[in-house]
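**Q** Below you'll find upload34.txt; it's compact mmCIF, C-alpha atoms and all ligand atoms.
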# COMPACT_ATOMS: atom_id res chain seq x y z
CA MET G 7 22.95 15.34 9.18
CA THR G 8 19.52 16.90 8.49
CA VAL G 9 16.60 14.79 7.37
CA GLY G 10 13.70 16.56 5.68
CA LEU G 11 10.21 15.07 6.02
CA THR G 12 7.75 15.02 3.12
CA TYR G 13 4.20 13.84 3.83
CA ASP G 14 0.55 14.50 3.01
CA LEU G 15 -1.13 15.70 6.17
CA ARG G 16 -4.79 14.69 6.12
CA SER G 17 -6.01 17.67 8.14
CA GLU G 18 -4.33 20.06 5.73
CA TRP G 19 -6.15 18.59 2.70
CA LEU G 20 -9.45 18.35 4.64
CA SER G 21 -9.22 22.04 5.53
CA GLN G 22 -8.87 22.79 1.81
CA GLY G 23 -12.27 21.16 1.20
CA TYR G 24 -11.27 17.63 0.17
CA SER G 25 -13.48 14.79 1.46
CA GLU G 26 -12.82 12.04 4.02
CA LEU G 27 -12.62 9.47 1.20
CA GLU G 28 -10.32 11.59 -0.99
CA THR G 29 -7.91 12.01 1.92
CA ALA G 30 -8.23 8.48 3.36
CA GLU G 31 -4.65 7.53 2.50
CA PHE G 32 -3.09 10.62 4.03
CA ASP G 33 -1.38 10.84 7.38
CA ARG G 34 -2.35 12.20 10.76
CA GLU G 35 -0.25 14.70 12.67
CA GLU G 36 0.46 11.91 15.17
CA THR G 37 2.23 9.86 12.52
CA VAL G 38 4.40 12.75 11.35
CA ALA G 39 5.28 13.59 14.96
CA ALA G 40 6.12 9.95 15.75
CA ILE G 41 8.46 9.66 12.74
CA GLU G 42 10.06 12.99 13.57
CA SER G 43 10.71 11.92 17.14
CA ALA G 44 12.03 8.50 16.05
CA LEU G 45 14.48 10.21 13.67
CA ARG G 46 15.64 12.51 16.48
CA GLY G 47 15.97 9.49 18.72
CA GLU G 48 18.38 8.13 16.10
CA GLY G 49 20.48 11.26 16.54
CA LEU G 50 19.32 12.98 13.34
CA ALA G 51 18.23 16.61 12.96
CA THR G 52 14.82 16.92 11.28
CA GLU G 53 13.01 19.54 9.25
CA ARG G 54 9.38 19.37 8.14
CA ILE G 55 8.88 20.09 4.44
CA GLY G 56 5.23 19.05 3.90
CA ASN G 57 3.64 17.87 0.66
CA PHE G 58 4.78 18.38 -2.95
CA LYS G 59 3.83 22.05 -2.83
CA GLY G 60 5.94 22.64 0.27
CA LEU G 61 8.78 20.75 -1.35
CA MET G 62 8.64 22.75 -4.57
CA ALA G 63 8.61 26.02 -2.65
CA ALA G 64 11.52 24.95 -0.46
CA LEU G 65 13.58 23.71 -3.42
CA GLY G 66 12.85 26.96 -5.27
CA ALA G 67 14.06 28.90 -2.25
CA GLY G 68 17.34 26.98 -2.40
CA LYS G 69 16.78 24.64 0.55
CA ARG G 70 18.51 21.22 0.54
CA TRP G 71 18.68 18.24 2.96
CA ASP G 72 21.12 15.37 3.40
CA LEU G 73 18.25 12.91 3.13
CA VAL G 74 14.48 13.18 2.78
CA PHE G 75 12.22 10.79 4.66
CA ASN G 76 9.46 10.68 2.05
CA PHE G 77 6.04 9.23 2.64
CA CYS G 78 3.90 11.47 0.40
CA GLU G 79 0.96 9.60 -1.11
CA GLY G 80 0.04 12.41 -3.53
CA MET G 81 -3.39 13.57 -4.69
CA TYR G 82 -3.92 13.12 -8.43
CA GLY G 83 -2.95 10.74 -11.22
CA LEU G 84 -0.99 7.52 -11.55
CA GLY G 85 2.24 9.41 -10.87
CA ARG G 86 1.00 10.85 -7.59
CA GLU G 87 3.34 8.82 -5.39
CA ALA G 88 6.21 9.26 -7.84
CA LEU G 89 6.12 13.05 -7.98
CA VAL G 90 8.14 13.82 -4.84
CA PRO G 91 10.84 11.16 -5.49
CA ALA G 92 11.14 12.41 -9.09
CA LEU G 93 11.67 15.99 -7.88
CA LEU G 94 14.23 14.80 -5.34
CA ASP G 95 16.02 12.77 -8.03
CA ALA G 96 16.18 15.87 -10.22
CA TYR G 97 17.87 17.77 -7.37
CA ARG G 98 20.05 14.78 -6.52
CA ILE G 99 18.73 14.60 -2.96
CA PRO G 100 18.60 11.06 -1.57
CA TYR G 101 15.34 9.85 -0.03
CA THR G 102 13.75 6.87 1.71
CA PHE G 103 11.58 4.26 0.01
CA SER G 104 11.06 3.35 -3.60
CA ASP G 105 11.93 5.28 -6.74
CA PRO G 106 9.38 6.87 -9.14
CA VAL G 107 9.18 3.84 -11.42
CA VAL G 108 8.44 1.40 -8.61
CA LEU G 109 5.90 3.74 -7.04
CA SER G 110 4.07 4.32 -10.34
CA VAL G 111 4.02 0.68 -11.38
CA SER G 112 2.87 -0.53 -7.99
CA LEU G 113 0.04 1.99 -7.91
CA HIS G 114 -1.35 0.17 -10.97
CA LYS G 115 -2.38 -3.25 -9.70
CA GLY G 116 -2.59 -4.75 -13.21
CA LEU G 117 0.93 -3.73 -14.29
CA THR G 118 2.25 -4.91 -10.92
CA LYS G 119 0.68 -8.34 -11.35
CA ARG G 120 2.23 -8.73 -14.80
CA ILE G 121 5.68 -8.15 -13.30
CA VAL G 122 5.31 -10.46 -10.31
CA ARG G 123 3.70 -13.16 -12.46
CA ASP G 124 6.65 -12.93 -14.86
CA ALA G 125 8.93 -13.55 -11.85
CA GLY G 126 7.02 -16.76 -11.09
CA VAL G 127 4.96 -15.44 -8.18
CA ALA G 128 1.46 -16.92 -7.86
CA THR G 129 -1.29 -14.33 -8.36
CA PRO G 130 -4.88 -14.78 -9.57
CA ASP G 131 -5.70 -14.48 -13.27
CA PHE G 132 -7.15 -11.08 -14.04
CA ALA G 133 -8.49 -8.62 -16.58
CA VAL G 134 -8.33 -4.84 -16.65
CA VAL G 135 -11.72 -3.33 -17.57
CA GLU G 136 -11.26 0.13 -19.06
CA THR G 137 -14.81 0.69 -20.35
CA ALA G 138 -18.24 -0.85 -19.73
CA ALA G 139 -17.92 -2.71 -23.06
CA ASP G 140 -14.75 -4.51 -21.86
CA VAL G 141 -16.85 -6.52 -19.39
CA GLU G 142 -18.04 -8.72 -22.30
CA THR G 143 -14.42 -9.76 -22.99
CA VAL G 144 -13.69 -10.99 -19.43
CA ARG G 145 -12.93 -14.74 -19.53
CA LEU G 146 -12.29 -15.71 -15.93
CA ARG G 147 -13.70 -18.30 -13.54
CA TYR G 148 -16.31 -17.10 -11.06
CA PRO G 149 -16.39 -16.04 -8.27
CA LEU G 150 -14.47 -12.90 -9.19
CA PHE G 151 -13.30 -9.82 -7.28
CA ALA G 152 -13.36 -6.25 -8.67
CA LYS G 153 -11.61 -3.13 -7.39
CA PRO G 154 -10.31 0.19 -8.72
CA VAL G 155 -6.96 -0.42 -10.42
CA ALA G 156 -5.09 2.31 -8.55
CA GLU G 157 -6.44 2.95 -5.06
CA GLY G 158 -5.42 1.97 -1.53
CA THR G 159 -6.79 1.78 2.02
CA GLY G 160 -9.67 -0.38 0.80
CA LYS G 161 -11.17 2.44 -1.29
CA GLY G 162 -13.88 0.99 -3.55
CA ILE G 163 -13.80 -2.35 -1.72
CA THR G 164 -17.08 -3.56 -0.17
CA PRO G 165 -18.76 -6.96 0.35
CA ARG G 166 -20.14 -6.49 -3.21
CA SER G 167 -16.60 -6.64 -4.61
CA ARG G 168 -16.98 -10.43 -4.64
CA ILE G 169 -18.93 -11.30 -7.78
CA GLU G 170 -20.92 -14.45 -8.59
CA ASN G 171 -22.10 -13.86 -12.16
CA GLU G 172 -21.91 -11.67 -15.24
CA GLU G 173 -24.82 -9.48 -14.18
CA GLU G 174 -23.11 -8.59 -10.90
CA LEU G 175 -19.84 -8.05 -12.78
CA ARG G 176 -21.51 -5.56 -15.10
CA GLY G 177 -23.12 -3.74 -12.16
CA ILE G 178 -19.98 -3.38 -10.07
CA CYS G 179 -17.75 -2.42 -13.02
CA ASP G 180 -20.22 0.30 -14.10
CA ALA G 181 -20.39 1.64 -10.54
CA LEU G 182 -16.60 1.63 -10.01
CA LEU G 183 -15.84 3.14 -13.44
CA GLU G 184 -18.32 5.91 -12.69
CA SER G 185 -17.20 6.72 -9.13
CA TYR G 186 -13.44 6.28 -9.44
CA ARG G 187 -12.88 7.43 -13.06
CA GLN G 188 -10.19 4.83 -13.63
CA PRO G 189 -10.02 1.21 -14.90
CA VAL G 190 -11.31 -1.66 -12.77
CA ILE G 191 -9.18 -4.72 -12.11
CA VAL G 192 -11.17 -7.96 -12.10
CA GLU G 193 -9.46 -10.99 -10.56
CA GLU G 194 -10.37 -14.54 -9.70
CA TYR G 195 -11.49 -14.56 -6.06
CA LEU G 196 -9.11 -15.99 -3.45
CA PRO G 197 -11.31 -17.74 -0.88
CA GLY G 198 -8.64 -18.54 1.72
CA ARG G 199 -6.98 -16.96 4.74
CA GLU G 200 -5.46 -13.48 4.45
CA PHE G 201 -1.96 -12.35 5.43
CA THR G 202 0.25 -9.32 5.11
CA THR G 203 4.04 -9.53 5.22
CA ALA G 204 6.36 -6.75 6.37
CA ILE G 205 9.63 -6.25 4.54
CA ILE G 206 12.61 -4.17 5.59
CA GLY G 207 15.50 -3.55 3.21
CA THR G 208 16.36 -3.49 -0.46
CA GLY G 209 17.23 -6.19 -3.02
CA THR G 210 19.38 -9.02 -1.68
CA GLU G 211 19.50 -7.27 1.72
CA ALA G 212 15.71 -7.22 2.02
CA GLU G 213 14.28 -9.26 4.85
CA ALA G 214 10.71 -10.43 5.50
CA VAL G 215 10.59 -9.52 9.18
CA GLY G 216 7.14 -10.88 9.96
CA THR G 217 3.75 -11.90 8.63
CA MET G 218 0.42 -11.17 10.23
CA GLU G 219 -2.84 -12.96 9.60
CA VAL G 220 -5.86 -10.70 9.11
CA ILE G 221 -8.84 -12.48 10.67
CA LEU G 222 -12.29 -11.02 9.99
CA LEU G 223 -14.59 -11.35 13.02
CA GLU G 224 -18.34 -11.97 12.88
CA THR G 225 -18.95 -8.24 13.23
CA ALA G 226 -16.99 -7.58 10.03
CA GLU G 227 -18.34 -7.15 6.51
CA ALA G 228 -18.01 -10.43 4.63
CA ASN G 229 -15.62 -11.51 1.85
CA ALA G 230 -12.78 -9.00 2.15
CA TYR G 231 -10.70 -6.60 4.19
CA THR G 232 -12.98 -3.77 3.01
CA TYR G 233 -12.73 -0.02 3.51
CA MET G 234 -15.20 -0.23 6.43
CA ASN G 235 -13.45 -3.23 8.00
CA LYS G 236 -10.18 -1.25 7.90
CA GLU G 237 -11.88 1.86 9.29
CA TYR G 238 -13.44 -0.05 12.23
CA CYS G 239 -10.70 -2.65 12.61
CA ASP G 240 -10.69 -2.45 16.43
CA ASP G 241 -14.11 -4.13 16.55
CA ARG G 242 -14.07 -6.15 13.36
CA VAL G 243 -10.62 -7.57 12.80
CA ARG G 244 -8.17 -9.67 14.78
CA TYR G 245 -4.48 -9.64 13.89
CA GLU G 246 -2.30 -12.59 14.70
CA LEU G 247 1.36 -13.18 14.03
CA ALA G 248 1.68 -16.04 11.51
CA LYS G 249 3.93 -18.93 12.45
CA GLY G 250 5.41 -22.08 10.92
CA VAL G 251 4.69 -23.06 7.35
CA ASP G 252 2.20 -20.22 6.74
CA ALA G 253 4.77 -17.62 7.78
CA GLU G 254 7.53 -19.26 5.73
CA CYS G 255 5.46 -19.51 2.55
CA CYS G 256 4.26 -15.90 2.82
CA ALA G 257 7.79 -14.64 3.52
CA ARG G 258 9.16 -16.46 0.47
CA LEU G 259 6.43 -15.12 -1.82
CA ALA G 260 6.69 -11.59 -0.42
CA LEU G 261 10.46 -11.39 -0.84
CA GLN G 262 10.30 -12.75 -4.37
CA ALA G 263 7.67 -10.14 -5.31
CA TRP G 264 9.54 -7.31 -3.50
CA ARG G 265 12.78 -8.07 -5.32
CA ALA G 266 11.08 -8.51 -8.69
CA LEU G 267 9.42 -5.11 -8.34
CA GLY G 268 12.49 -3.35 -6.96
CA GLY G 269 10.94 -2.18 -3.68
CA ARG G 270 13.32 -0.26 -1.40
CA ASP G 271 13.86 0.21 2.36
CA ALA G 272 10.51 -1.10 3.65
CA GLY G 273 7.01 -2.06 2.57
CA ARG G 274 4.25 -4.61 2.80
CA ILE G 275 2.92 -7.35 0.57
CA ASP G 276 -0.73 -8.44 0.85
CA ILE G 277 -1.39 -12.14 0.39
CA ARG G 278 -4.38 -14.51 0.35
CA MET G 279 -4.64 -18.25 0.06
CA ASP G 280 -6.32 -19.80 -2.99
CA ALA G 281 -8.73 -22.75 -2.87
CA ARG G 282 -5.78 -25.16 -2.52
CA GLY G 283 -4.35 -23.25 0.45
CA GLU G 284 -1.43 -21.82 -1.59
CA PRO G 285 -0.49 -18.18 -0.91
CA ASN G 286 -1.12 -15.74 -3.77
CA PHE G 287 0.11 -12.18 -4.25
CA ILE G 288 -2.64 -9.52 -4.01
CA GLU G 289 -0.68 -6.26 -4.02
CA VAL G 290 2.44 -4.46 -2.83
CA ASN G 291 2.49 -1.35 -0.61
CA PRO G 292 5.86 0.37 -1.16
CA LEU G 293 4.61 3.35 0.90
CA ALA G 294 2.96 1.39 3.69
CA GLY G 295 1.16 3.28 6.46
CA LEU G 296 3.43 4.27 9.37
CA HIS G 297 1.07 5.11 12.20
CA PRO G 298 2.88 3.48 15.16
CA GLN G 299 -0.23 1.75 16.58
CA HIS G 300 -2.72 1.59 13.71
CA SER G 301 -0.74 0.77 10.57
CA ASP G 302 0.00 -2.84 9.63
CA LEU G 303 3.76 -2.47 9.03
CA PRO G 304 4.54 -1.03 12.51
CA ILE G 305 2.02 -3.47 14.07
CA ILE G 306 3.88 -6.46 12.57
CA CYS G 307 7.23 -5.00 13.63
CA THR G 308 5.97 -4.55 17.19
CA MET G 309 4.79 -8.18 17.20
CA VAL G 310 8.29 -9.38 16.32
CA GLY G 311 10.05 -7.05 18.76
CA ILE G 312 11.11 -4.28 16.38
CA GLY G 313 10.05 -1.06 18.10
CA PHE G 314 8.92 1.98 16.10
CA GLN G 315 12.19 3.85 16.50
CA SER G 316 14.13 0.83 15.41
CA LEU G 317 11.88 0.42 12.34
CA ILE G 318 12.44 4.06 11.33
CA GLY G 319 16.16 3.67 12.07
CA ARG G 320 16.38 0.62 9.81
CA ILE G 321 14.52 2.39 6.99
CA VAL G 322 16.97 5.30 7.18
CA ALA G 323 19.96 2.96 7.41
CA SER G 324 18.80 1.12 4.28
CA ALA G 325 18.33 4.42 2.38
CA ARG G 326 21.74 5.73 3.51
CA ARG G 327 23.50 2.54 2.48
CA ARG G 328 21.95 2.65 -1.01
CA ALA G 329 22.67 6.34 -1.47
CA GLY G 330 26.09 6.32 0.18
CA VAL G 331 25.09 9.12 2.59
N1 LIG G 401 -8.41 -11.45 -5.78
C1 LIG G 401 -8.89 -11.29 -4.54
N2 LIG G 401 -9.55 -12.31 -3.94
C2 LIG G 401 -10.04 -12.17 -2.67
N3 LIG G 401 -9.96 -11.04 -1.97
C3 LIG G 401 -9.32 -10.00 -2.53
C4 LIG G 401 -8.74 -10.06 -3.83
N4 LIG G 401 -8.17 -8.85 -4.09
C5 LIG G 401 -8.38 -8.09 -2.99
N5 LIG G 401 -9.06 -8.77 -2.05
C6 LIG G 401 -9.52 -8.29 -0.73
O1 LIG G 401 -9.64 -6.88 -0.76
C7 LIG G 401 -8.72 -6.29 0.16
C8 LIG G 401 -8.15 -5.01 -0.39
O2 LIG G 401 -7.47 -5.27 -1.62
P1 LIG G 401 -6.11 -4.54 -1.92
O3 LIG G 401 -5.10 -4.92 -0.91
O4 LIG G 401 -5.77 -4.76 -3.35
O5 LIG G 401 -6.60 -3.03 -1.74
P2 LIG G 401 -5.97 -1.73 -1.10
O6 LIG G 401 -7.10 -0.81 -0.94
O7 LIG G 401 -4.85 -1.27 -1.96
O8 LIG G 401 -5.37 -2.17 0.28
P3 LIG G 401 -4.35 -1.35 1.26
O9 LIG G 401 -5.21 -0.84 2.37
O10 LIG G 401 -3.47 -2.45 1.74
O11 LIG G 401 -3.68 -0.29 0.49
C9 LIG G 401 -7.67 -7.37 0.40
O12 LIG G 401 -7.03 -7.14 1.62
C10 LIG G 401 -8.52 -8.63 0.37
O13 LIG G 401 -9.26 -8.81 1.55
MG MG G 402 -4.01 -4.03 0.52
Could you write out this structure as structure tokens?
**A**
Amino acid sequence: MTVGLTYDLRSEWLSQGYSELETAEFDREETVAAIESALRGEGLATERIGNFKGLMAALGAGKRWDLVFNFCEGMYGLGREALVPALLDAYRIPYTFSDPVVLSVSLHKGLTKRIVRDAGVATPDFAVVETAADVETVRLRYPLFAKPVAEGTGKGITPRSRIENEEELRGICDALLESYRQPVIVEEYLPGREFTTAIIGTGTEAEAVGTMEVILLETAEANAYTYMNKEYCDDRVRYELAKGVDAECCARLALQAWRALGGRDAGRIDIRMDARGEPNFIEVNPLAGLHPQHSDLPIICTMVGIGFQSLIGRIVASARRRAGV
């Protein structure tokens, strides 16, 4: 069985003139190599395909694979993560992780929150600000939190994302609308502890394998797990495996959200406690980072004794079971 690999290699986009920020979500060669070697360790033959351009060229040349291990983040538009899975669907080639609908919806944090809220999952009240004028219509309780509606890796998130009053709200919305050219999601601020839960599997077979608390140290920027805190996490953040009631509550919430959204094979759900200490859904990552030592999903798995090869093996096993490969 041959597994193709689709991915966005950061160095490749950087060499084409894209910036550090534009390519922040893309993967390092190390990550691709680690996944490749884990797949081989599972007894599978591998073939690198590359990003959507490499995939289109290979498909056009008549190439096919038994399964594609897809972790392309994509460059432009709300369908950027959905593009590769949609192409693979069209050619009836099975692949790992979520389908185009799940990937598109979950890229839009507002649409995602509507779905999880409908399933009874706690998540802060919110508004989606599409234009500067929309700020006047926001009716939420301060403090608030504002971020681009469809970014990841902490892009657009700074200590200023926490907002105390209408003047600050206007300022941050104007700045985010201008720099990110997309709507801003404004939510009620969750003041409590932060967690992220790792999920492996699909639907009723999905399992919350572990939850990690994200603890900001004194050296960290205040208020949030910001872009800079993520970038310099070695000095600014401590990660601790959650236990007891915290872990149970996060696992329950994460699984409920994962199933409601239709996430597949593996992913991560970000959670924060509200003022009453109740966990709330922040966002889902259906294409969670897979760097063996630096990405949260493999870090959590390591903490609970699931090695990197075993994680990749379980992702592939879940995809094969679904697809009947
Ligand atoms: N409503 C909120 N209240 C308090 N903090 C929040 C809220 N929303 C987001 N945050 C903070 O901002 C961080 C980043 O938010 P979010 O997870 O939505 O962004 P992201 O860039 O998609 O993250 P990722 O790196 O996981 O892709 C959270 O980890 C949390 O610290
Ligand atoms: Mg997040």
**Q** The residues within 6 Å of (-15.3, -16.0, -2.6), using all atoms listed in the file and the coordinates of the file, should be reported as a list in words; which are they?
**A** Pro149, Tyr195 and Pro197 of chain G
**Q** Could you list, as a list in words, every residue within 8 Å of range 275-282 of chain G, counting only C-alpha atoms and ignoring same-chain residues fewer than 5 positions away?
**A**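 Answer for this query is Tyr195, Leu196, Pro197, Gly198, Arg199, Glu200, Phe201, Thr202, Thr203, Ala204, Ile205, Cys256, Ala260, Trp264, Phe287, Ile288, Glu289, Val290 and Asn291 of chain G.
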**Q** Set the distance at 7 Å and use all atoms listed in the file: which residues neighbour Asn57 in chain G once local chain neighbours fewer than 5 positions away are removed? I'd like the list as an MDAnalysis selection string.
**A** chainID G and resid 12:14 78
**Q** Which residues are near range 317-323 of chain G? Cut-off 12 Å, all atoms listed in the file, ignore same chain within fewer than 5 positions. Put them as JSON, numbers by chain.
**A** {"G": [7, 8, 9, 10, 11, 37, 38, 40, 41, 42, 43, 44, 45, 46, 47, 48, 49, 50, 72, 73, 74, 75, 76, 77, 100, 101, 102, 103, 104, 204, 205, 206, 207, 208, 211, 212, 213, 215, 270, 271, 272, 273, 293, 296, 297, 298, 303, 304, 305, 306, 307, 308, 310, 311, 312, 328, 329, 330, 331]}
**Q** If I take CA of Glu227 in chain G and CA of Pro165 in chain G, how far is one from the other in Å, to one decimal?
**A**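 CA of Glu227 in chain G sits 6.2 Å away from CA of Pro165 in chain G.
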**Q** Applying 12 Å and all atoms listed in the file, which residues near Met81 in chain G remain after dropping the ones on its own chain fewer than 3 positions away? List them as number ranges by chain.
**A** G: 13-16, 19, 24-25, 27-32, 57-59, 78, 84-90, 157
**Q** Tell me, as a ChimeraX atom specification, which residues lie within 9 Å of Gln262 in chain G, counting all atoms listed in the file; anything in the same chain fewer than 6 positions away does not count.
**A** /G:122,125-127
**Q** Just to be explicit: take each residue in the selection above, keep C-alpha atoms, and write the result as a compact mmCIF listing (two decimals), in the coordinates of the input.
**A**
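Generated output (part_19.txt):
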# COMPACT_ATOMS: atom_id res chain seq x y z
CA VAL G 122 5.31 -10.46 -10.31
CA ALA G 125 8.93 -13.55 -11.85
CA GLY G 126 7.02 -16.76 -11.09
CA VAL G 127 4.96 -15.44 -8.18
**Q** Using CA of Leu61 in chain G and CA of Leu94 in chain G as the two end points, give the distance in Å to one decimal.
**A**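 One can read the CA of Leu61 in chain G to CA of Leu94 in chain G distance as 9.0 Å.
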**Q** Identify which of the residues G:Val251, G:Asp124, G:Lys115, G:Gly268 lies closest to ligand MG 402 (chain G), counting only C-alpha atoms and all ligand atoms when measuring atom-to-atom distances.
**A** G:Lys115
**Q** Enter the distance from CA of Ala152 in chain G to CA of Ala266 in chain G, in Å, rounded to one decimal.
**A**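 CA of Ala152 in chain G sits 24.5 Å away from CA of Ala266 in chain G.
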**Q** Let me make sure I understand: among G:Leu259, G:Asp33, G:Leu223, G:Thr232, which one has the smallest atom-to-atom distance to ligand MG 402 (chain G) if we use only C-alpha atoms and all ligand atoms?
**A** G:Thr232
**Q** Nearest to Ile99 in chain G: which of G:Leu150, G:Arg166, G:Ala325, G:Thr217 is it, counting all atoms listed in the file?
**A**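 Closest to Ile99 in chain G, using all atoms listed in the file: G:Ala325.
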**Q** Rank nothing, just name the residue among G:Ala156, G:Leu261, G:Met309, G:Ile178 nearest to Val141 in chain G, using all atoms listed in the file.
**A** G:Ile178
**Q** With all atoms listed in the file as the basis for distance, which of G:Ala253, G:Val192, G:Ala139, G:Ala39 is at the shortest distance from ligand LIG 401 (chain G)?
**A**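 Going through G:Ala253, G:Val192, G:Ala139, G:Ala39 one by one, the smallest distance to ligand LIG 401 (chain G) is for G:Val192.
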